[in-house]
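Inspection log for the structure reproduced underneath, given as structure tokens.
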Amino acid sequence: MNQLRAFVLSVAFTFCGMLSSYSQSHYSEWMVSSEMKRTPHPYNLNFSSWWPQWSYQVGVELDPMLDVYLKYEDPQLLAYLKEYPQKMIDANGNITGYSYSDFNLDNVRPGHFILRMYEHEPSKKDSIAIATLMKQLDTQPRTNNGVWWHKEIYHWQVWLDGVFMGMPFYTRAAGRFYPDEVNDFYDDAVDQMTTTDEKTFDEATGLWKHAWDETHTMFWADPSTGQSQHTWGRALGWYAMALSEVLDVMPESYARRGEVLDIFQRVMAAVADYQDEATGVWYDVMDVDDPRNYLEATCSSMFAYCLLKGVRMGWLEPSLRQNGIKAYRGIINEFVKKNSNGTISLTKCCEVSGLGPENKPQRDGSFEYYMSENVRDNDPKGVGPFIWASLEMEELGYNIDNLNEELTEIRSVECGDSDMDAIYSIAGVRMGKQADANRLPAGIYVKSGRKFVVH
């Protein structure tokens with residue numbers, strides 16, 4: 001009993017120390033330390049009590065946590081991040097909890113984090129796991145016009161969610177493991193994204209519907225267009241983040257990069273048009289004006305992040321930066337709660353929303369259906385994008401204390417710092433000067449507004 005008590009106290013002191021090691025002058029660090037205190041093991045981040053989860057929810061939180069490490073270099077965070085591939089991928093490259101035959105795009109997304117960790121610390125077992133996920137995408141069922149099905153159980157269906165789950169990993173891994181064929185992968189990606197744009201865009205609202213059924217026969221689909229009924233905020237947020245991540249890896253020399261940039265610009269212009277004037281955030285169902293609708297944290301965090309990142313990277317008009325800043329302040333005001341134990345929480349996160357399959361007729365894409373789904377705190381699908389949005393604000397010079405001030409000089413990569421030799425990661429993390437280039441880990445970087453790759 002005494003040994004057990006000592007162990008419990010040891011764990012408690014460890015995570016109290018972990019929390020106190022952060023200055024809490026930045027919301028990104030504060031949220032990361034809060035999550036580490038709530039969830040001591042990264043493979044439990046999606047509310048699993050003990051069993052390890054290979055899930056997109058975990059992946060979408062670990063990716064921005066990695067960016068926090070790259071910016072602030074806390075060794076305890078790095079140890080936390082390393083635990084995920086150590087636990088989930090065995091010595092032979094087998095992935096715990098993954099089924100190749102499910103052809104589920106959701107299960108590809110954690111591979112994006114694994115790939116980024118591999119770029120920093122290559123290992124044979126992780127390269128095998130990455131190859132398995134690329135094999136899935138190579139054989140993933142497709143619509144007749146060449147777009148991946150969202151899952152094997154969703155025959156002939158294209159969801160905006162799925163673009164985020166598969167495409168960033170696909171294009172990033174292609175550049176690293178298939179450099180001689182990379183333009184073929186890029187062409188396939190652009191074909192899929194432009195087709196998705198065409199099939200889900202709704203002229204009447206200027207928004208993109210949650211999904212499209214090629215057969216036009218699913219119970220949630222419009223018989224004439226195949227589109228679902230509404231624009232779900234998080235689905236459009238997934239789409240926006242996917243486009244931004246694909247733009248990250250496609251070099252400016254690639255001939256069709258402009259097609260992806262055009263979609264991203266159109267999406268973010270529409271997002272700005274639908275921003276709530278009073279609060280700066282967004283409603284769960286974007287194309288419905290109804291008192292039952294609610295301001296929702298996950299999509300708001302995604303949109304704030306993409307607006308701020310898009311301006312920083314020079315993809316969006318500088319005027320949209322103010323939309324992003326307003327959105328972030330709105331997120332803090334509407335959704336972020338300070339807890340008595342020194343942590344913070346992101347509230348008002350929609351737990352899940354989907355369409356079908358046939359044995360779930362209640363998931364019919366109606367407004368009433370979206371309103372019926374559960375809302376909870378600290379959903380990783382919101383926490384991850386909130387961390388990314390926080391990093392973008394911190395890159396501009398904002399912190400917890402000056403968040404509501406109007407900074408006279410806003411820092412941004414595309415404007416250039418006084419040090420023109422500065423090198424930045426794609427996430428906006430300052431990596432050093434030109435003289436440090438030979439010591440950079442493998443990845444994609446920006447110097448003086450231009451990208452370069454370190455292999």
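Chain identifiers are assigned as A, B, and so on, following the order in which chains appear in the structure tokens; residues are numbered from 1 within each chain, and ligands are numbered from 1 in order of appearance.
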
Output as JSON lines one row per residue of stretch 341-412 of chain A within 10 Å of stretch 31-46 of chain A: the closest atom pair and its distance in Å to one decimal place, counting only C-alpha atoms, sorted by chain and residue number ascending.
{"residue": "A:Asn341", "atom": "CA", "partner": "A:Ser34", "partner_atom": "CA", "distance": 9.4}
{"residue": "A:Gly342", "atom": "CA", "partner": "A:Ser34", "partner_atom": "CA", "distance": 7.9}
{"residue": "A:Thr343", "atom": "CA", "partner": "A:Ser34", "partner_atom": "CA", "distance": 4.8}
{"residue": "A:Ile344", "atom": "CA", "partner": "A:Ser34", "partner_atom": "CA", "distance": 6.1}
{"residue": "A:Ser345", "atom": "CA", "partner": "A:Met31", "partner_atom": "CA", "distance": 7.4}
{"residue": "A:Leu346", "atom": "CA", "partner": "A:Met31", "partner_atom": "CA", "distance": 8.7}
{"residue": "A:Asn378", "atom": "CA", "partner": "A:Glu35", "partner_atom": "CA", "distance": 8.3}
{"residue": "A:Asp379", "atom": "CA", "partner": "A:Asn46", "partner_atom": "CA", "distance": 7.3}
{"residue": "A:Pro380", "atom": "CA", "partner": "A:Asn46", "partner_atom": "CA", "distance": 6.5}
{"residue": "A:Lys381", "atom": "CA", "partner": "A:Asn46", "partner_atom": "CA", "distance": 9.0}
{"residue": "A:Val383", "atom": "CA", "partner": "A:Met31", "partner_atom": "CA", "distance": 7.7}
{"residue": "A:Gly384", "atom": "CA", "partner": "A:Val32", "partner_atom": "CA", "distance": 9.2}
{"residue": "A:Phe386", "atom": "CA", "partner": "A:Met31", "partner_atom": "CA", "distance": 8.5}
{"residue": "A:Ile387", "atom": "CA", "partner": "A:Met31", "partner_atom": "CA", "distance": 7.0}
{"residue": "A:Ser390", "atom": "CA", "partner": "A:Met31", "partner_atom": "CA", "distance": 9.4}

_DSSP strand (DSSP E or B) selection over stretch 140-371 of chain A, as a ChimeraX atom specification_ = /A:142,148,157-159,201-202,207-208,211-213,227,232,283,285,295,336-338,344-346,349-350

*asked:* Between A:Glu83, A:Asp377, A:Glu358, A:Glu181, which residue has the minimum interatomic distance to A:His155, considering only C-alpha atoms?
replied: A:Glu358

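Nearest-residue note for A:Arg234: choosing from A:Ser353, A:Ser25, A:Thr200, A:Thr171, the minimum distance belongs to A:Ser353, counting only C-alpha atoms.
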
*Select from stretch 186-352 of chain A everything DSSP, run on the backbone, classes as helix (DSSP H, G or I), then give the selection as number ranges by chain.*
A: 186-200, 233-249, 257-273, 297-312, 320-334

Set out as a tab-separated table a contact list for stretch 275-389 of chain A and stretch 147-153 of chain A with a cut-off of 12 Å, giving each residue of stretch 275-389 of chain A that qualifies its closest atom pair and distance in Å to one decimal, counting only C-alpha atoms, ordered by chain and rising residue number.
residue	atom	partner	partner_atom	distance
A:Gly354	CA	A:His150	CA	11.3
A:Leu355	CA	A:His150	CA	11.0
A:Gly356	CA	A:Ile153	CA	9.6
A:Pro357	CA	A:Ile153	CA	7.2
A:Glu358	CA	A:Ile153	CA	9.4
A:Asn359	CA	A:Ile153	CA	10.8
